[in-house]
Amino acid sequence: MRARLAEEDLHAYVDGWLGAAERASVDHWLGAHPDEARRVAAYRVLGERWRAAYAPVLHEPVPPLLLRASRPRRRHLARFSWAAATALLVAFAAWRFSVEAPVAPIALRAAMAHAVYAADVQHPVEAGGTAELLAWLSERLTMPVRAPDLRRAGYRFIGGRLLPGDKSAAALLMYEGQGGQRVTLYWAPEFRRPRDSGLLYASMEHGTRVYYWLDEECGYALASADVSQTELRDLARLAEEDLEK
């Protein structure tokens with residue numbers, strides 16, 4: 001039996017893309033690896049919640065601009081028209097989630113994760129002690145994961161979650177203020193870059209705000225729909241400062 005399955009195989013399993021034989025093989029492997037089985041279960045729950053949160057978009061009317069772009073006028077322009085329609089669809093999706101285009105992928109991911117979990121009253125974060133949880137996330141992300149200390153700003157760390165990414169796993173750390181307001185720190189090593197980006201801002205639809213920064217080790221994004229841009233900026237600076245220690 002293989003010691004570990006490729007990440008893309010696990011995502012294909014969750015998304016139902018595997019054939020019967022391949023799925024049976026993964027089922028057998030997960031039965032012998034309970035930690036991985038729990039991670040796959042978390043992937044499935046996250047996918048279900050994202051579909052529930054954004055399914056209404058599928059029932060919205062297609063914008064006239066996209067309909068016109070998808071209607072080829074001449075045979076030799078058909079390929080171009082469909083390519084144009086695809087590009088416009090991507091642009092339309094970005095427009096829905098931000099008043100500033102284009103949207104940085106890490107900011108969009110952070111906003112979606114915040115929308116799904118910050119409003120969850122029953123089970124917003126994984127249970128367990130802080131040290132145990134951060135050690136588990138560090139193992140999954142193959143890098144040290146720390147929870148910045150935001151207590152001097154009135155926010156306590158309440159837990160975190162493991163999330164899927166395109167190229168590697170990500171983590172979501174959650175904080176709660178004295179008035180019940182929540183902010184989340186999206187921790188994603190796949191967005192690392194050679195040079196520091198500095199602190200950047202993105203404003204999403206439905207009032208979610210995101211401050212993010214990228215460095216040679218990781219990408220970080222602090223998101224909230226409960227606090228002002230000024231307060232979120234101060235929290236992001238505090239988090240960035242603490243992580244640089």
# chains A, B, ... in the order shown; residues from 1 in each chain; ligands from 1

call {"tool": "residues_around", "arguments": {"residues": "segment 29-31 of chain A", "least_positions_apart": "4", "cutoff": "12 Å", "atoms": "only C-alpha atoms", "output": "ChimeraX atom specification"}}
result
/A:1-6,9-10,13,22-25,35-41

call {"tool": "residues_around", "arguments": {"residues": "Leu162 of chain A", "least_positions_apart": "2", "cutoff": "12 Å", "atoms": "only C-alpha atoms", "output": "PyMOL selection string"}}
result
chain A and resi 36+38-46+113+117+124-127+133-141+145+159-160+164-165+168-174+185-188

call {"tool": "atom_distance", "arguments": {"atom1": "atom CA of Glu216 of chain A", "atom2": "atom CA of Ser197 of chain A"}}
result
9.6 Å

call {"tool": "atom_distance", "arguments": {"atom1": "atom CA of Gly129 of chain A", "atom2": "atom CA of Ala147 of chain A"}}
result
12.4 Å

call {"tool": "residues_around", "arguments": {"residues": "Tyr201 of chain A", "least_positions_apart": "4", "cutoff": "9 Å", "atoms": "only C-alpha atoms", "output": "ChimeraX atom specification"}}
result
/A:107,209-213,229,233

call {"tool": "write_last_selection", "arguments": {"atoms": "N, CA and C atoms", "output": "PDB file, in the first residue's frame"}}
result
ATOM      1  N   ALA A 107      -6.918  37.035  -2.150  1.00  0.00           N
ATOM      2  CA  ALA A 107      -7.962  37.840  -1.517  1.00  0.00           C
ATOM      3  C   ALA A 107      -9.329  37.209  -1.733  1.00  0.00           C
ATOM      4  N   ARG A 209     -13.996  42.740   3.674  1.00  0.00           N
ATOM      5  CA  ARG A 209     -12.759  43.464   3.388  1.00  0.00           C
ATOM      6  C   ARG A 209     -11.578  42.541   3.623  1.00  0.00           C
ATOM      7  N   VAL A 210     -10.521  42.722   2.834  1.00  0.00           N
ATOM      8  CA  VAL A 210      -9.346  41.863   2.944  1.00  0.00           C
ATOM      9  C   VAL A 210      -8.079  42.708   2.849  1.00  0.00           C
ATOM     10  N   TYR A 211      -7.168  42.504   3.795  1.00  0.00           N
ATOM     11  CA  TYR A 211      -5.805  43.013   3.693  1.00  0.00           C
ATOM     12  C   TYR A 211      -4.891  41.806   3.547  1.00  0.00           C
ATOM     13  N   TYR A 212      -4.025  41.838   2.550  1.00  0.00           N
ATOM     14  CA  TYR A 212      -3.163  40.683   2.316  1.00  0.00           C
ATOM     15  C   TYR A 212      -1.738  41.110   2.026  1.00  0.00           C
ATOM     16  N   TRP A 213      -0.806  40.201   2.257  1.00  0.00           N
ATOM     17  CA  TRP A 213       0.594  40.446   1.953  1.00  0.00           C
ATOM     18  C   TRP A 213       1.270  39.114   1.611  1.00  0.00           C
ATOM     19  N   GLN A 229     -12.504  49.289   7.559  1.00  0.00           N
ATOM     20  CA  GLN A 229     -11.252  49.127   6.840  1.00  0.00           C
ATOM     21  C   GLN A 229     -10.073  49.572   7.693  1.00  0.00           C
ATOM     22  N   ARG A 233      -7.059  47.172   8.816  1.00  0.00           N
ATOM     23  CA  ARG A 233      -5.682  47.515   8.454  1.00  0.00           C
ATOM     24  C   ARG A 233      -4.761  47.461   9.674  1.00  0.00           C
TER      25      ARG A 233
END

call {"tool": "select_by_dssp", "arguments": {"residues": "segment 131-188 of chain A", "states": "strand (DSSP E)", "output": "VMD selection string"}}
result
chain A and resid 155 to 163 170 to 177 182 to 188

call {"tool": "atom_distance", "arguments": {"atom1": "atom CA of Ala118 of chain A", "atom2": "atom CA of Asp242 of chain A"}}
result
22.6 Å

call {"tool": "closest_residue", "arguments": {"among": "A:Ile158, A:Val116, A:Ala32, A:Ile106", "to": "Glu190 of chain A", "atoms": "only C-alpha atoms"}}
result
A:Ile106

call {"tool": "residues_around", "arguments": {"residues": "Lys245 of chain A", "least_positions_apart": "5", "cutoff": "12 Å", "atoms": "only C-alpha atoms", "output": "list in words"}}
result
Arg146, Pro148, Asp149, Leu238, Ala239 and Glu240 of chain A

call {"tool": "write_last_selection", "arguments": {"atoms": "N, CA and C atoms", "output": "CSV table (one decimal), in the first residue's frame"}}
result
chain,number,residue,atom,x,y,z
A,146,ARG,N,1.8,29.7,12.7
A,146,ARG,CA,1.7,30.4,14.0
A,146,ARG,C,0.4,31.3,14.0
A,148,PRO,N,-0.8,34.7,15.0
A,148,PRO,CA,-0.4,36.0,15.5
A,148,PRO,C,-1.1,36.4,16.8
A,149,ASP,N,-0.5,37.1,17.7
A,149,ASP,CA,-1.1,37.5,18.9
A,149,ASP,C,-1.8,38.9,18.7
A,238,LEU,N,-0.6,44.5,12.8
A,238,LEU,CA,-0.2,43.9,14.0
A,238,LEU,C,0.1,42.4,13.7
A,239,ALA,N,-0.7,41.7,12.9
A,239,ALA,CA,-0.4,40.3,12.5
A,239,ALA,C,0.9,40.2,11.8
A,240,GLU,N,1.1,41.1,10.8
A,240,GLU,CA,2.3,41.1,10.0
A,240,GLU,C,3.6,41.3,10.9
